[in-house]
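Asker: This is the structure, below, for whatever I ask next.
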Amino acid sequence: MTSSNVEFWKLGKKIAGAGLNYKALCLERKLPIPKTPVIFLKPTSSYIIEGQNIEIPKEFVVKEEIELGVIIGKKCKNIKPSQVVDHIMGYCLALDLTSTSFLDEARAKGLPWALGKGFDTACPVSSFIPKEAIPDPDNVNLWCRVNGELKQDANTSDMIFSVGELISYISSLMTLEPYDLILTGSSKGVAEIKPGDIVEGGLEHLVKFKFPVKSA
């Protein structure tokens, strides 16, 4: 495959996401700044690409979260933050769709909440962005609109843990492999999406996407 058509969503074994990784989000929700990264997993069955629909399961309240995705290029185990750049293949724009209704209920009962992050279509992604196109992943702009209304407008410079720190931390506990995707977190302004909506996102001048929302 060439650098312009890497189908990482077909090849990766896992998706690791970072929660509460933007200062603005923690401020908006009046939450303390995490001292270590908050990491969760999404199954690769949650991937969709442009041309497919976001499908909202019955009785789920789902919110969009626009994020920079980092695609791993070679095996990562116990690597230092300064070594991370050598292990990156490229990037993408992603939506970390989250059923806040499922998460809230599960957390209140002390139960696992994986399905709130891992339902089918919960990880829409853009086409592959070559590594060379983003020389500094810790300083890029990204945005999300729902039905044409701007909901999120952020820069990765507001991340609490940098790309290097996130991937180094994850690799200290979980081996990362080629084509795995790291979701780096979302900023403030996340919005509920419903069947009939259109969700759009963009990353700098590099990539845009659009996903219709339907009922599952």
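The chains in the structure tokens are called A, B, ... from first to last as shown; in each chain the residues are counted from 1, and the ligands are counted from 1 in the order shown.
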Could you name the residues that touch Leu11 of chain A at 10 Å or less, counting only C-alpha atoms, but leaving out those on the same chain fewer than 3 positions away, as a list in words?
Answerer: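 Here the qualifying residues turn out to be Val6, Glu7, Phe8, Lys14, Thr44, Pro178, Tyr179 and Asp180 of chain A.
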Asker: Check segment 132-216 of chain A with DSSP on the backbone and list each residue it calls strand (DSSP E), as number ranges by chain.
Answerer: A: 141-146, 149-155, 181-183, 192-193, 198-203, 207-215
Asker: Pick from A:Glu105, A:Asp120, A:Glu28, A:Glu149: nearest to Ala216 of chain A, with only C-alpha atoms counted?
Answerer: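 With only C-alpha atoms as the atom set, the closest residue is A:Asp120.
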Asker: Would you pick out the contacts of Arg145 of chain A at 8 Å or less, using only C-alpha atoms, so that residues sharing its chain but fewer than 5 positions from it are not included, and give the list as an NGL selection string?
Answerer: :A and (150-152 or 199-201)
Asker: Enumerate, as a ChimeraX atom specification, the complete set of residues in segment 27-166 of chain A that a backbone-based DSSP assignment places in helix (DSSP H, G or I).
Answerer: /A:27-29,44-46,81-87,100-108,114-118,131-133,156-158,163-166
Asker: With N, CA and C atoms retained, export the selected residues as a CSV table (one decimal), in the first residue's frame.
Answerer:
```
chain,number,residue,atom,x,y,z
A,27,LEU,N,-12.1,21.8,32.6
A,27,LEU,CA,-12.6,23.0,33.1
A,27,LEU,C,-14.1,23.1,32.9
A,28,GLU,N,-14.5,22.7,31.7
A,28,GLU,CA,-16.0,22.8,31.4
A,28,GLU,C,-16.8,21.9,32.3
A,29,ARG,N,-16.2,20.7,32.6
A,29,ARG,CA,-16.9,19.7,33.5
A,29,ARG,C,-16.6,19.9,34.9
A,44,THR,N,-12.2,-3.0,17.1
A,44,THR,CA,-12.1,-2.6,15.7
A,44,THR,C,-13.4,-2.7,14.9
A,45,SER,N,-14.3,-3.5,15.4
A,45,SER,CA,-15.6,-3.6,14.8
A,45,SER,C,-16.4,-2.3,14.8
A,46,SER,N,-15.9,-1.3,15.6
A,46,SER,CA,-16.6,0.0,15.7
A,46,SER,C,-16.2,0.9,14.6
A,81,PRO,N,8.9,8.8,25.7
A,81,PRO,CA,8.2,9.8,24.9
A,81,PRO,C,9.0,10.3,23.7
A,82,SER,N,10.3,10.4,23.9
A,82,SER,CA,11.2,10.9,22.8
A,82,SER,C,11.3,9.9,21.7
A,83,GLN,N,11.0,8.7,21.9
A,83,GLN,CA,11.1,7.6,20.9
A,83,GLN,C,9.8,7.4,20.1
A,84,VAL,N,8.7,8.0,20.6
A,84,VAL,CA,7.4,7.7,20.0
A,84,VAL,C,7.4,8.1,18.5
A,85,VAL,N,7.9,9.3,18.2
A,85,VAL,CA,7.8,9.7,16.8
A,85,VAL,C,8.4,8.7,15.8
A,86,ASP,N,9.3,7.9,16.2
A,86,ASP,CA,9.9,6.9,15.3
A,86,ASP,C,9.0,5.7,15.2
A,87,HIS,N,7.9,5.6,16.0
A,87,HIS,CA,7.0,4.5,16.0
A,87,HIS,C,5.7,4.8,15.3
A,100,THR,N,-23.3,8.4,26.4
A,100,THR,CA,-23.3,9.0,27.7
A,100,THR,C,-24.3,8.4,28.6
A,101,SER,N,-25.5,8.0,28.1
A,101,SER,CA,-26.5,7.4,28.9
A,101,SER,C,-26.1,6.0,29.4
A,102,PHE,N,-25.4,5.3,28.6
A,102,PHE,CA,-24.9,3.9,29.0
A,102,PHE,C,-23.8,4.1,30.0
A,103,LEU,N,-22.9,5.0,29.8
A,103,LEU,CA,-21.8,5.2,30.7
A,103,LEU,C,-22.3,5.7,32.1
A,104,ASP,N,-23.2,6.6,32.1
A,104,ASP,CA,-23.6,7.2,33.3
A,104,ASP,C,-24.3,6.1,34.2
A,105,GLU,N,-25.1,5.3,33.5
A,105,GLU,CA,-25.9,4.2,34.3
A,105,GLU,C,-24.9,3.2,34.8
A,106,ALA,N,-24.0,2.8,33.9
A,106,ALA,CA,-23.0,1.7,34.3
A,106,ALA,C,-22.1,2.2,35.5
A,107,ARG,N,-21.6,3.4,35.3
A,107,ARG,CA,-20.8,4.0,36.4
A,107,ARG,C,-21.5,4.1,37.7
A,108,ALA,N,-22.7,4.5,37.7
A,108,ALA,CA,-23.5,4.6,38.9
A,108,ALA,C,-23.7,3.3,39.6
A,114,ALA,N,-17.9,-0.7,28.7
A,114,ALA,CA,-17.3,-0.9,27.4
A,114,ALA,C,-18.3,-0.7,26.2
A,115,LEU,N,-19.5,-1.1,26.4
A,115,LEU,CA,-20.5,-1.0,25.3
A,115,LEU,C,-20.8,0.4,25.0
A,116,GLY,N,-20.7,1.3,25.9
A,116,GLY,CA,-20.9,2.7,25.7
A,116,GLY,C,-19.9,3.4,24.8
A,117,LYS,N,-18.8,2.8,24.7
A,117,LYS,CA,-17.7,3.3,23.8
A,117,LYS,C,-17.5,2.4,22.6
A,118,GLY,N,-18.0,1.1,22.6
A,118,GLY,CA,-17.6,0.2,21.6
A,118,GLY,C,-18.7,-0.4,20.7
A,131,LYS,N,2.5,10.7,7.9
A,131,LYS,CA,3.2,11.2,9.0
A,131,LYS,C,3.9,12.6,8.7
A,132,GLU,N,4.4,12.7,7.5
A,132,GLU,CA,5.1,13.9,7.1
A,132,GLU,C,4.2,15.1,7.0
A,133,ALA,N,2.9,14.9,6.9
A,133,ALA,CA,1.9,16.0,6.7
A,133,ALA,C,1.7,16.7,8.0
A,156,THR,N,-4.7,20.7,19.5
A,156,THR,CA,-4.1,19.7,20.3
A,156,THR,C,-3.1,20.2,21.3
A,157,SER,N,-2.7,21.5,21.2
A,157,SER,CA,-1.8,22.1,22.2
A,157,SER,C,-2.4,22.2,23.6
A,158,ASP,N,-3.8,22.0,23.6
A,158,ASP,CA,-4.5,22.1,24.9
A,158,ASP,C,-4.5,20.7,25.6
A,163,VAL,N,1.1,13.6,22.6
A,163,VAL,CA,1.1,12.3,21.9
A,163,VAL,C,2.2,11.4,22.4
A,164,GLY,N,3.4,12.0,22.6
A,164,GLY,CA,4.5,11.2,23.0
A,164,GLY,C,4.3,10.6,24.4
A,165,GLU,N,3.7,11.4,25.3
A,165,GLU,CA,3.5,10.9,26.7
A,165,GLU,C,2.4,9.9,26.7
A,166,LEU,N,1.3,10.0,25.9
A,166,LEU,CA,0.2,9.1,25.8
A,166,LEU,C,0.7,7.7,25.4
```
Asker: Distance atom CA of Gln52 of chain A-atom CA of Ala18 of chain A, one decimal place?
Answerer: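 Value for the atom CA of Gln52 of chain A-atom CA of Ala18 of chain A distance: 24.7 Å.
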Asker: Give the answer as one residue: which of A:Ile182, A:Val207, A:Met89, A:Cys26 has the shortest atom-to-atom distance to Ile39 of chain A, using only C-alpha atoms?
Answerer: A:Ile182
Asker: Could you check the closest approach to Pro124 of chain A for each of A:Leu95, A:Ile79, A:Leu203, A:Val213 and tell me which residue wins, using only C-alpha atoms?
Answerer: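 Smallest distance to Pro124 of chain A is found for A:Leu95.
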Asker: Tell me, in Å to one decimal, how far atom CA of Ile129 of chain A is from atom CA of Glu204 of chain A.
Answerer: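 Value for the atom CA of Ile129 of chain A-atom CA of Glu204 of chain A distance: 11.4 Å.
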